[in-house]
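Peer 1: Dropping in query_3.txt, with compact mmCIF, C-alpha atoms and all ligand atoms.
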```txt
# COMPACT_ATOMS: atom_id res chain seq x y z
CA VAL A 1 -15.90 46.16 130.44
CA SER A 2 -13.80 49.02 131.75
CA GLU A 3 -11.57 48.59 134.78
CA ILE A 4 -11.78 52.33 135.44
CA ALA A 5 -14.58 53.31 137.83
CA HIS A 6 -14.61 57.02 137.05
CA LEU A 7 -12.39 60.02 136.40
CA GLY A 8 -11.21 62.61 138.90
CA PRO A 9 -9.91 64.36 140.90
CA LEU A 10 -8.70 66.94 138.39
CA GLU A 11 -5.92 69.42 139.05
CA LEU A 12 -6.58 72.77 137.41
CA LEU A 13 -4.02 75.54 137.02
CA SER A 14 -4.86 79.21 137.37
CA PRO A 15 -2.73 82.33 137.00
CA ARG A 16 -5.36 84.20 139.05
CA ALA A 17 -5.78 81.68 141.82
CA GLU A 18 -7.55 83.89 144.36
CA GLU A 19 -10.21 84.99 141.86
CA SER A 20 -10.57 81.42 140.58
CA LEU A 21 -11.08 80.25 144.16
CA ARG A 22 -13.85 82.83 144.65
CA PHE A 23 -15.49 81.55 141.45
CA PHE A 24 -15.48 77.91 142.57
CA VAL A 25 -16.63 78.71 146.11
CA ASP A 26 -19.05 81.62 145.65
CA VAL A 27 -20.40 81.03 142.13
CA LEU A 28 -20.24 77.24 141.73
CA GLY A 29 -20.84 76.73 145.45
CA MET A 30 -18.06 74.22 146.12
CA GLU A 31 -16.54 73.65 149.58
CA VAL A 32 -12.88 74.10 150.46
CA GLU A 33 -11.75 70.72 151.82
CA GLY A 34 -8.19 71.77 152.48
CA GLN A 35 -5.20 73.80 151.45
CA GLU A 36 -1.58 72.78 150.88
CA GLY A 37 1.09 75.08 149.50
CA ARG A 38 -0.21 76.79 146.39
CA SER A 39 -3.18 74.42 146.03
CA VAL A 40 -6.74 74.48 147.35
CA TYR A 41 -8.80 71.27 147.39
CA LEU A 42 -12.47 71.70 146.46
CA ARG A 43 -15.54 69.47 146.46
CA GLY A 44 -19.17 69.35 145.37
CA TRP A 45 -21.76 68.27 147.94
CA GLY A 46 -22.20 64.92 146.18
CA ASP A 47 -18.53 63.99 145.76
CA TYR A 48 -17.77 60.83 147.77
CA GLN A 49 -14.03 61.50 147.81
CA ARG A 50 -12.54 64.32 149.86
CA TYR A 51 -12.21 66.52 146.79
CA SER A 52 -12.80 66.40 143.05
CA LEU A 53 -10.91 69.56 142.11
CA LYS A 54 -7.43 70.69 143.06
CA LEU A 55 -6.92 74.33 142.16
CA THR A 56 -3.26 75.25 141.88
CA GLU A 57 -1.75 78.69 141.47
CA SER A 58 0.50 78.80 138.43
CA ASP A 59 1.80 81.16 135.78
CA THR A 60 -0.55 79.54 133.28
CA SER A 61 -3.93 77.77 132.98
CA GLY A 62 -4.95 74.27 131.92
CA MET A 63 -5.11 70.78 133.38
CA ALA A 64 -2.14 69.60 135.45
CA LEU A 65 -3.50 66.13 136.24
CA LEU A 66 -6.53 63.93 135.68
CA GLY A 67 -7.05 61.09 138.14
CA LEU A 68 -8.57 57.79 137.00
CA ARG A 69 -9.77 55.51 139.77
CA ALA A 70 -9.53 51.80 139.04
CA TRP A 71 -12.22 49.38 140.27
CA SER A 72 -9.81 47.35 142.42
CA PRO A 73 -6.11 46.94 143.27
CA GLU A 74 -5.94 44.18 140.64
CA ALA A 75 -7.61 46.37 138.01
CA LEU A 76 -5.08 49.09 138.81
CA GLU A 77 -2.16 46.70 138.25
CA ARG A 78 -3.64 45.48 134.97
CA ARG A 79 -4.24 49.01 133.64
CA VAL A 80 -0.72 50.10 134.61
CA ALA A 81 0.65 47.03 132.81
CA ALA A 82 -1.41 48.00 129.75
CA VAL A 83 -0.10 51.58 129.86
CA ARG A 84 3.48 50.29 130.06
CA ALA A 85 2.88 47.76 127.28
CA ALA A 86 1.61 50.62 125.12
CA GLY A 87 4.98 52.33 125.61
CA LEU A 88 3.59 55.32 127.44
CA GLY A 89 6.07 55.09 130.31
CA GLY A 90 5.24 56.69 133.63
CA ALA A 91 6.16 56.09 137.26
CA TRP A 92 4.63 55.08 140.60
CA LEU A 93 4.25 57.58 143.42
CA ASP A 94 3.87 56.12 146.92
CA SER A 95 1.50 58.75 148.22
CA ALA A 96 0.23 60.44 145.12
CA ASP A 97 -1.67 63.35 146.67
CA ARG A 98 -3.89 64.40 149.56
CA GLY A 99 -6.19 61.54 150.53
CA ARG A 100 -4.84 59.06 147.99
CA GLY A 101 -2.58 56.04 148.18
CA ARG A 102 -0.08 55.07 145.52
CA GLY A 103 -0.71 56.24 142.02
CA TYR A 104 0.81 55.68 138.60
CA ARG A 105 1.47 58.88 136.69
CA PHE A 106 1.90 58.89 132.94
CA SER A 107 1.08 60.94 129.88
CA GLY A 108 -1.47 59.96 127.24
CA PRO A 109 -0.52 59.93 123.54
CA ASP A 110 -1.07 63.70 123.15
CA GLY A 111 0.64 64.46 126.47
CA HIS A 112 -2.30 64.76 128.86
CA PRO A 113 -1.17 63.99 132.42
CA PHE A 114 -3.04 61.08 134.02
CA GLU A 115 -2.82 59.22 137.30
CA LEU A 116 -4.21 55.74 137.78
CA TYR A 117 -4.97 54.93 141.42
CA TYR A 118 -7.24 52.84 143.59
CA GLU A 119 -6.75 53.67 147.29
CA VAL A 120 -8.52 56.83 148.33
CA ASP A 121 -10.04 58.39 151.43
CA ARG A 122 -13.80 58.60 151.66
CA TYR A 123 -15.00 62.07 152.69
CA ALA A 124 -15.80 62.55 156.38
CA PRO A 125 -17.66 65.86 156.76
CA PRO A 126 -16.99 68.26 159.62
CA GLU A 127 -19.91 68.94 161.97
CA HIS A 128 -21.26 71.93 160.04
CA LEU A 129 -21.35 69.96 156.78
CA ARG A 130 -22.87 66.76 158.14
CA PRO A 131 -25.88 65.64 156.03
CA ALA A 132 -29.27 64.57 157.42
CA LEU A 133 -29.28 61.47 155.23
CA LYS A 134 -26.56 58.88 155.72
CA ASN A 135 -26.50 58.05 152.00
CA GLN A 136 -25.27 61.54 151.10
CA PRO A 137 -21.61 62.49 151.60
CA GLN A 138 -22.15 66.09 152.61
CA ARG A 139 -24.88 68.51 153.58
CA TYR A 140 -26.49 70.39 150.71
CA THR A 141 -25.61 74.00 151.41
CA GLY A 142 -27.36 75.53 148.40
CA ARG A 143 -24.70 78.20 147.98
CA GLY A 144 -24.24 79.59 144.44
CA ALA A 145 -24.89 77.08 141.67
CA ALA A 146 -24.46 74.32 144.29
CA VAL A 147 -22.80 71.91 141.86
CA LYS A 148 -23.09 68.31 142.99
CA ARG A 149 -19.95 66.65 141.64
CA LEU A 150 -17.35 66.55 138.91
CA ASP A 151 -19.06 65.06 135.85
CA HIS A 152 -16.89 64.97 132.74
CA VAL A 153 -13.73 66.34 131.20
CA ASN A 154 -13.13 67.40 127.59
CA VAL A 155 -9.52 67.63 126.50
CA LEU A 156 -8.10 68.80 123.17
CA SER A 157 -5.84 66.59 121.11
CA ALA A 158 -3.74 67.07 117.99
CA ASP A 159 -4.57 63.45 117.07
CA VAL A 160 -8.02 62.36 118.24
CA ARG A 161 -7.73 58.96 116.57
CA ALA A 162 -4.60 58.06 118.57
CA ASP A 163 -6.11 59.24 121.86
CA ARG A 164 -9.43 57.51 121.17
CA ALA A 165 -7.59 54.23 120.49
CA PHE A 166 -5.59 54.69 123.71
CA ALA A 167 -8.75 55.27 125.76
CA THR A 168 -10.55 52.23 124.36
CA ASP A 169 -7.65 49.78 123.93
CA VAL A 170 -5.42 50.69 126.89
CA LEU A 171 -7.82 52.12 129.47
CA GLY A 172 -10.88 50.11 128.39
CA TYR A 173 -13.24 53.04 127.86
CA ARG A 174 -16.30 52.60 125.62
CA LEU A 175 -16.80 54.88 122.64
CA TYR A 176 -20.38 56.15 122.49
CA GLU A 177 -20.21 58.94 119.92
CA ARG A 178 -17.70 60.46 117.54
CA ILE A 179 -17.25 63.03 114.79
CA GLN A 180 -15.74 62.03 111.47
CA LEU A 181 -14.84 64.74 108.96
CA ASP A 182 -15.44 64.28 105.23
CA ASP A 183 -11.74 63.49 104.65
CA GLY A 184 -11.92 60.68 107.22
CA THR A 185 -10.21 62.60 110.04
CA GLU A 186 -11.57 61.89 113.51
CA ALA A 187 -12.46 65.22 115.10
CA GLY A 188 -14.07 64.12 118.35
CA ALA A 189 -14.60 61.06 120.55
CA TRP A 190 -17.08 60.79 123.46
CA LEU A 191 -15.88 58.05 125.77
CA SER A 192 -17.15 56.57 128.99
CA ALA A 193 -16.11 54.05 131.60
CA SER A 194 -19.73 53.76 132.74
CA ILE A 195 -23.24 53.95 131.29
CA ALA A 196 -23.14 57.76 131.38
CA ALA A 197 -23.06 59.05 127.79
CA HIS A 198 -19.77 60.82 128.28
CA GLU A 199 -17.01 61.12 130.86
CA LEU A 200 -13.81 61.60 128.89
CA ILE A 201 -13.98 63.53 125.64
CA TYR A 202 -11.28 64.17 123.09
CA THR A 203 -11.84 66.86 120.47
CA LYS A 204 -9.47 68.10 117.82
CA ASP A 205 -7.22 70.99 118.82
CA ALA A 206 -7.90 73.59 116.11
CA TYR A 207 -4.39 74.98 116.56
CA GLY A 208 -2.64 71.61 116.54
CA ALA A 209 -1.31 72.23 120.04
CA HIS A 210 -0.84 69.37 122.52
CA ALA A 211 -2.31 68.28 125.85
CA ARG A 212 -4.67 71.20 126.27
CA LEU A 213 -7.93 71.38 128.18
CA HIS A 214 -11.25 72.23 126.55
CA HIS A 215 -13.54 72.17 129.58
CA VAL A 216 -14.31 70.69 132.97
CA ALA A 217 -17.99 69.97 133.69
CA PHE A 218 -19.77 69.89 137.04
CA TRP A 219 -23.14 68.25 137.50
CA VAL A 220 -26.43 69.71 138.72
CA ASP A 221 -29.63 67.63 138.90
CA THR A 222 -31.96 69.84 136.87
CA ARG A 223 -32.09 72.10 133.83
CA GLU A 224 -33.53 74.83 136.08
CA GLU A 225 -30.31 74.81 138.10
CA CYS A 226 -28.34 75.33 134.86
CA LEU A 227 -30.48 78.37 134.06
CA ARG A 228 -30.04 79.67 137.59
CA ALA A 229 -26.26 79.17 137.26
CA ALA A 230 -26.39 81.38 134.14
CA ASP A 231 -28.04 84.15 136.19
CA LEU A 232 -25.29 83.77 138.81
CA PHE A 233 -22.56 83.91 136.14
CA LEU A 234 -24.17 87.08 134.80
CA ASP A 235 -24.31 88.92 138.11
CA HIS A 236 -20.85 87.75 139.21
CA GLY A 237 -19.33 89.04 135.97
CA VAL A 238 -18.35 85.56 134.79
CA ASP A 239 -17.82 85.50 131.02
CA ILE A 240 -20.66 83.38 129.59
CA GLU A 241 -19.31 81.76 126.43
CA ALA A 242 -22.41 79.70 125.61
CA ALA A 243 -25.77 80.30 127.27
CA PRO A 244 -27.83 77.28 128.33
CA SER A 245 -28.96 74.95 125.56
CA LYS A 246 -28.80 71.27 124.64
CA HIS A 247 -25.93 69.56 122.84
CA ALA A 248 -26.74 67.30 119.91
CA ILE A 249 -23.83 65.00 120.79
CA ALA A 250 -24.44 63.19 124.09
CA GLN A 251 -27.52 65.40 124.58
CA GLY A 252 -26.06 67.18 127.59
CA PHE A 253 -27.76 70.35 128.76
CA PHE A 254 -25.07 72.98 129.20
CA LEU A 255 -23.89 76.35 130.38
CA TYR A 256 -20.32 77.34 129.51
CA GLY A 257 -18.38 80.10 131.20
CA ILE A 258 -14.75 81.12 131.50
CA GLU A 259 -13.52 81.18 135.10
CA PRO A 260 -11.16 84.04 136.11
CA GLY A 261 -8.06 81.92 135.45
CA GLY A 262 -9.15 81.43 131.83
CA ASN A 263 -10.33 77.82 132.01
CA ARG A 264 -13.67 76.91 130.41
CA ILE A 265 -16.09 75.52 133.00
CA GLU A 266 -19.43 73.85 132.26
CA VAL A 267 -22.48 73.40 134.46
CA THR A 268 -24.24 70.35 133.06
CA THR A 269 -27.19 68.01 133.43
CA GLY A 270 -29.19 65.69 131.17
CA GLY A 271 -27.53 63.35 128.70
CA TYR A 272 -28.50 59.70 128.55
CA PHE A 273 -27.47 56.27 129.79
CA VAL A 274 -26.25 53.41 127.62
CA TYR A 275 -27.70 50.06 128.70
CA ASP A 276 -26.98 48.27 125.42
CA PRO A 277 -23.80 46.16 125.72
CA ASP A 278 -23.49 46.22 121.90
CA HIS A 279 -24.19 49.95 121.59
CA PRO A 280 -22.78 51.07 118.22
CA ALA A 281 -20.96 54.42 118.38
CA THR A 282 -23.01 57.23 116.85
CA VAL A 283 -21.01 58.86 114.03
CA TRP A 284 -21.66 62.52 113.21
CA THR A 285 -20.72 64.01 109.85
CA GLU A 286 -19.51 67.51 109.01
CA ALA A 287 -22.89 68.34 107.43
CA GLU A 288 -24.72 67.22 110.57
CA ARG A 289 -22.43 69.26 112.80
CA ARG A 290 -23.11 72.36 110.71
CA LYS A 291 -26.73 72.19 111.87
CA GLY A 292 -25.50 73.35 115.26
CA GLN A 293 -26.59 72.09 118.64
CA ALA A 294 -29.71 70.00 119.33
CA TRP A 295 -32.17 72.85 118.91
CA GLY A 296 -30.33 74.50 116.01
CA VAL A 297 -28.34 76.96 118.10
CA GLN A 298 -25.03 77.60 116.32
CA THR A 299 -21.94 76.96 118.38
CA VAL A 300 -19.85 80.09 118.99
CA GLU A 301 -16.53 80.09 117.13
CA SER A 302 -14.41 80.33 120.29
CA PHE A 303 -15.83 76.97 121.39
CA HIS A 304 -13.99 75.35 118.45
CA THR A 305 -10.70 77.16 118.98
CA TYR A 306 -10.19 78.22 122.60
CA GLY A 307 -8.47 75.94 125.06
CA THR A 308 -6.13 76.22 128.02
CA PRO A 309 -3.35 77.01 128.28
CA PRO A 310 -4.05 79.52 125.51
CA VAL A 311 -1.84 79.39 122.42
CA GLU A 312 -1.62 81.70 119.42
CA ALA A 313 -3.51 80.76 116.27
CA PRO A 314 -1.22 78.95 113.77
CA ALA A 315 -1.36 81.90 111.32
CA ALA A 316 -0.05 84.23 114.02
CA ARG A 317 2.79 81.94 115.07
FE FE B 401 -19.32 69.07 128.31
```
Will you turn the file into C-alpha cells for me?
Peer 2:
Amino acid sequence: VSEIAHLGPLELLSPRAEESLRFFVDVLGMEVEGQEGRSVYLRGWGDYQRYSLKLTESDTSGMALLGLRAWSPEALERRVAAVRAAGLGGAWLDSADRGRGRGYRFSGPDGHPFELYYEVDRYAPPEHLRPALKNQPQRYTGRGAAVKRLDHVNVLSADVRADRAFATDVLGYRLYERIQLDDGTEAGAWLSASIAAHELIYTKDAYGAHARLHHVAFWVDTREECLRAADLFLDHGVDIEAAPSKHAIAQGFFLYGIEPGGNRIEVTTGGYFVYDPDHPATVWTEAERRKGQAWGVQTVESFHTYGTPPVEAPAAR
C-alpha cells in the first residue's frame, strides 16, 4: 500500500507567463489564489489545498517541481528514508512553499524534481468564492472549462524501467499498465498511489533527453465538459494537439492542447478504478499500440516526440 496520498501541487515554467496565466484563468477557469515574485498560484474549484498549480515565469518551459503528499508525518519520514537509501540524495526545506510545511526535495532517477511533504494548509475561500455546500472547498464559478482539480502528470524519461522501479519500490506506487516494445524495452508505465487508473505516468523520451514534461492533466466530471473545453480552446486560439477521444491505456477521455508557454495541457475525465488488490499490470505490445487509441484514432506524431522544455531531435543535434 502506498504511503503517498496523491501528487501535486505542480510548478510549471512558462516563458510567456502573462499569456499562460490568461490561459489557466480564462480558458481552464482556474482561480488565482495568490502571487509571489514571478509565480502565480492557481487552483481548481475542487482542489482541497490552497493551490494545485504554481505558474512561474522563466526563460523556458517544463516542470520545475512535483509535490507528493504523504499520508502522515510517519509516512513522510519513511519515504524520505527510502529515497535516501536509494541513493537519490536531496535535502529538507523548513518551509517548502506557500501553504506548506517542511518538505524533502530530491530528483528522481531521470532528474525529475520532486518534493515529499505532509503538512499543508487547507483552502479557506474568500467571501466571493464561498460554496453553498460545506463538503466542497470552493464555489463552482463555471468560468471557461471550469476544471475541478489537478488529476495526473505524465513525465518523459530516458529510462522508463528505472523510473518505474523507483516509483514502485521507493515511493510505493502501484503499476496498473505499461508498454513493452518487441525488444523488451519498457516504453511507458502508468502508476498510481490510489485506485485511480493513473496519477503518475512515465513514457519514453523519444529524443533521449532527461527530466522533461509530457503533460499535466486537469479533471472535469463529464465527457461533455471535455467537448466544451475543445470549443473554448478553438475560439481562444489555443493549439489543439489532439481533439477529444478515448485513450486505450487507462481509458481516459482526453483533450490535449498546448498552452501559450508551450506546455501540453490535458482536460480529462473517465478512466477506471482498481479495486483488485492483486491487479496484474496490463501489458501493451507494439502491435497493439499501432492500432491507435481506444476507438482507432491514430495518435498524432507530435504526441510521441514533443515535450517541455523543447529539445532538438537527435538527428538535428
Ligand atoms: Fe493524460
Peer 1: If we count all atoms listed in the file and set the cut-off at 12 Å, which residues sit around A:Ala5, ignoring sequence neighbours fewer than 4 positions away in its own chain? Please answer as a tab-separated table (two decimals) with C-alpha atoms, in the coordinates of the input.
Peer 2:
```tsv
chain	number	residue	atom	x	y	z
A	1	VAL	CA	-15.90	46.16	130.44
A	67	GLY	CA	-7.05	61.09	138.14
A	68	LEU	CA	-8.57	57.79	137.00
A	69	ARG	CA	-9.77	55.51	139.77
A	70	ALA	CA	-9.53	51.80	139.04
A	71	TRP	CA	-12.22	49.38	140.27
A	72	SER	CA	-9.81	47.35	142.42
A	73	PRO	CA	-6.11	46.94	143.27
A	75	ALA	CA	-7.61	46.37	138.01
A	76	LEU	CA	-5.08	49.09	138.81
A	79	ARG	CA	-4.24	49.01	133.64
A	116	LEU	CA	-4.21	55.74	137.78
A	117	TYR	CA	-4.97	54.93	141.42
A	118	TYR	CA	-7.24	52.84	143.59
A	171	LEU	CA	-7.82	52.12	129.47
A	172	GLY	CA	-10.88	50.11	128.39
A	173	TYR	CA	-13.24	53.04	127.86
A	192	SER	CA	-17.15	56.57	128.99
A	193	ALA	CA	-16.11	54.05	131.60
A	194	SER	CA	-19.73	53.76	132.74
A	195	ILE	CA	-23.24	53.95	131.29
A	196	ALA	CA	-23.14	57.76	131.38
A	199	GLU	CA	-17.01	61.12	130.86
```
Peer 1: List all protein, DNA and RNA residues that have at least one atom no more than 12 Å from any atom of ligand FE 401 (chain B), counting only C-alpha atoms and all ligand atoms, and write them as a PyMOL selection string.
Peer 2: chain A and resi 150-155+190-191+197-203+213-219+242+244-257+264-271+303
Peer 1: Using all atoms listed in the file, determine which residues lie at most 9 Å from stretch 50-54 of chain A, disregarding the query and same-chain residues fewer than 3 positions distant; provide the list as a PDB file with C-alpha atoms, keeping the file's coordinate frame.
Peer 2:
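The resulting file, part-v6.pdb, is reproduced below:
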```pdb
ATOM      1  CA  GLY A   8     -11.210  62.610 138.900  1.00  0.00           C
ATOM      2  CA  PRO A   9      -9.910  64.360 140.900  1.00  0.00           C
ATOM      3  CA  LEU A  10      -8.700  66.940 138.390  1.00  0.00           C
ATOM      4  CA  GLU A  11      -5.920  69.420 139.050  1.00  0.00           C
ATOM      5  CA  LEU A  12      -6.580  72.770 137.410  1.00  0.00           C
ATOM      6  CA  LEU A  13      -4.020  75.540 137.020  1.00  0.00           C
ATOM      7  CA  GLU A  31     -16.540  73.650 149.580  1.00  0.00           C
ATOM      8  CA  VAL A  32     -12.880  74.100 150.460  1.00  0.00           C
ATOM      9  CA  GLU A  33     -11.750  70.720 151.820  1.00  0.00           C
ATOM     10  CA  GLY A  34      -8.190  71.770 152.480  1.00  0.00           C
ATOM     11  CA  SER A  39      -3.180  74.420 146.030  1.00  0.00           C
ATOM     12  CA  VAL A  40      -6.740  74.480 147.350  1.00  0.00           C
ATOM     13  CA  TYR A  41      -8.800  71.270 147.390  1.00  0.00           C
ATOM     14  CA  LEU A  42     -12.470  71.700 146.460  1.00  0.00           C
ATOM     15  CA  ARG A  43     -15.540  69.470 146.460  1.00  0.00           C
ATOM     16  CA  GLY A  44     -19.170  69.350 145.370  1.00  0.00           C
ATOM     17  CA  ASP A  47     -18.530  63.990 145.760  1.00  0.00           C
ATOM     18  CA  ARG A  98      -3.890  64.400 149.560  1.00  0.00           C
ATOM     19  CA  GLY A  99      -6.190  61.540 150.530  1.00  0.00           C
ATOM     20  CA  VAL A 120      -8.520  56.830 148.330  1.00  0.00           C
ATOM     21  CA  ASP A 121     -10.040  58.390 151.430  1.00  0.00           C
ATOM     22  CA  ARG A 122     -13.800  58.600 151.660  1.00  0.00           C
ATOM     23  CA  TYR A 123     -15.000  62.070 152.690  1.00  0.00           C
ATOM     24  CA  ALA A 124     -15.800  62.550 156.380  1.00  0.00           C
ATOM     25  CA  PRO A 125     -17.660  65.860 156.760  1.00  0.00           C
ATOM     26  CA  ARG A 149     -19.950  66.650 141.640  1.00  0.00           C
ATOM     27  CA  LEU A 150     -17.350  66.550 138.910  1.00  0.00           C
TER      28      LEU A 150
END
```
Peer 1: When distances are computed from all atoms listed in the file, which of A:Glu36, A:Asp239, A:Asp182, A:Asp110 shows the smallest separation from A:Asp97?
Peer 2: A:Glu36
Peer 1: Find, counting all atoms listed in the file, the residue in A:Glu74, A:Asp278, A:Glu3, A:Glu259 that gets nearest to A:Asp26.
Peer 2: A:Glu259
Peer 1: Which residues are close to A:Gln180, i.e. within 7 Å by all atoms listed in the file, leaving aside same-chain residues fewer than 3 positions away? Reply as a ChimeraX atom specification.
Peer 2: /A:184-187,283-285
Peer 1: Just the number, please: distance in Å from atom CA of A:Gly262 to atom CA of A:His236, one decimal.
Peer 2: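 Those two atoms sit 15.2 Å apart.
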Peer 1: Any idea what the distance is between atom CA of A:Phe23 and atom CA of A:Leu55?
Peer 2: 11.2 Å
Peer 1: With all atoms listed in the file as the basis for distance, which of A:Ala243, A:Ala315, A:Gly89, A:Glu57 is at the shortest distance from A:Val297?
Peer 2: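 Under the stated criterion, the closest residue is A:Ala243.
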Peer 1: Can you write stretch 130-163 of chain A from the block above with C-alpha atoms, as a PDB file, in the first residue's frame?
Peer 2:
```
ATOM      1  CA  ARG A 130     -17.565  30.513  -0.590  1.00  0.00           C
ATOM      2  CA  PRO A 131     -19.519  27.384  -1.646  1.00  0.00           C
ATOM      3  CA  ALA A 132     -23.140  26.625  -0.719  1.00  0.00           C
ATOM      4  CA  LEU A 133     -22.229  23.100   0.340  1.00  0.00           C
ATOM      5  CA  LYS A 134     -19.795  22.634   3.205  1.00  0.00           C
ATOM      6  CA  ASN A 135     -18.319  19.498   1.602  1.00  0.00           C
ATOM      7  CA  GLN A 136     -16.965  21.483  -1.353  1.00  0.00           C
ATOM      8  CA  PRO A 137     -13.799  23.569  -0.987  1.00  0.00           C
ATOM      9  CA  GLN A 138     -14.804  26.415  -3.258  1.00  0.00           C
ATOM     10  CA  ARG A 139     -17.775  27.811  -5.120  1.00  0.00           C
ATOM     11  CA  TYR A 140     -18.266  26.492  -8.641  1.00  0.00           C
ATOM     12  CA  THR A 141     -17.831  29.570 -10.802  1.00  0.00           C
ATOM     13  CA  GLY A 142     -18.384  27.884 -14.165  1.00  0.00           C
ATOM     14  CA  ARG A 143     -15.853  30.124 -15.902  1.00  0.00           C
ATOM     15  CA  GLY A 144     -14.152  28.658 -19.004  1.00  0.00           C
ATOM     16  CA  ALA A 145     -13.628  24.903 -18.892  1.00  0.00           C
ATOM     17  CA  ALA A 146     -14.111  25.110 -15.100  1.00  0.00           C
ATOM     18  CA  VAL A 147     -11.576  22.369 -14.357  1.00  0.00           C
ATOM     19  CA  LYS A 148     -12.145  20.775 -10.974  1.00  0.00           C
ATOM     20  CA  ARG A 149      -8.672  19.733  -9.845  1.00  0.00           C
ATOM     21  CA  LEU A 150      -5.232  18.554 -10.853  1.00  0.00           C
ATOM     22  CA  ASP A 151      -5.617  14.922 -11.918  1.00  0.00           C
ATOM     23  CA  HIS A 152      -2.440  13.348 -13.263  1.00  0.00           C
ATOM     24  CA  VAL A 153       1.019  14.113 -14.571  1.00  0.00           C
ATOM     25  CA  ASN A 154       2.885  12.439 -17.428  1.00  0.00           C
ATOM     26  CA  VAL A 155       6.636  12.934 -17.494  1.00  0.00           C
ATOM     27  CA  LEU A 156       9.158  11.774 -20.095  1.00  0.00           C
ATOM     28  CA  SER A 157      12.097   9.604 -19.154  1.00  0.00           C
ATOM     29  CA  ALA A 158      15.195   8.371 -20.954  1.00  0.00           C
ATOM     30  CA  ASP A 159      14.896   5.150 -18.915  1.00  0.00           C
ATOM     31  CA  VAL A 160      11.300   4.206 -18.113  1.00  0.00           C
ATOM     32  CA  ARG A 161      12.314   0.946 -16.447  1.00  0.00           C
ATOM     33  CA  ALA A 162      14.493   2.749 -13.870  1.00  0.00           C
ATOM     34  CA  ASP A 163      11.829   5.353 -13.113  1.00  0.00           C
TER      35      ASP A 163
END
```
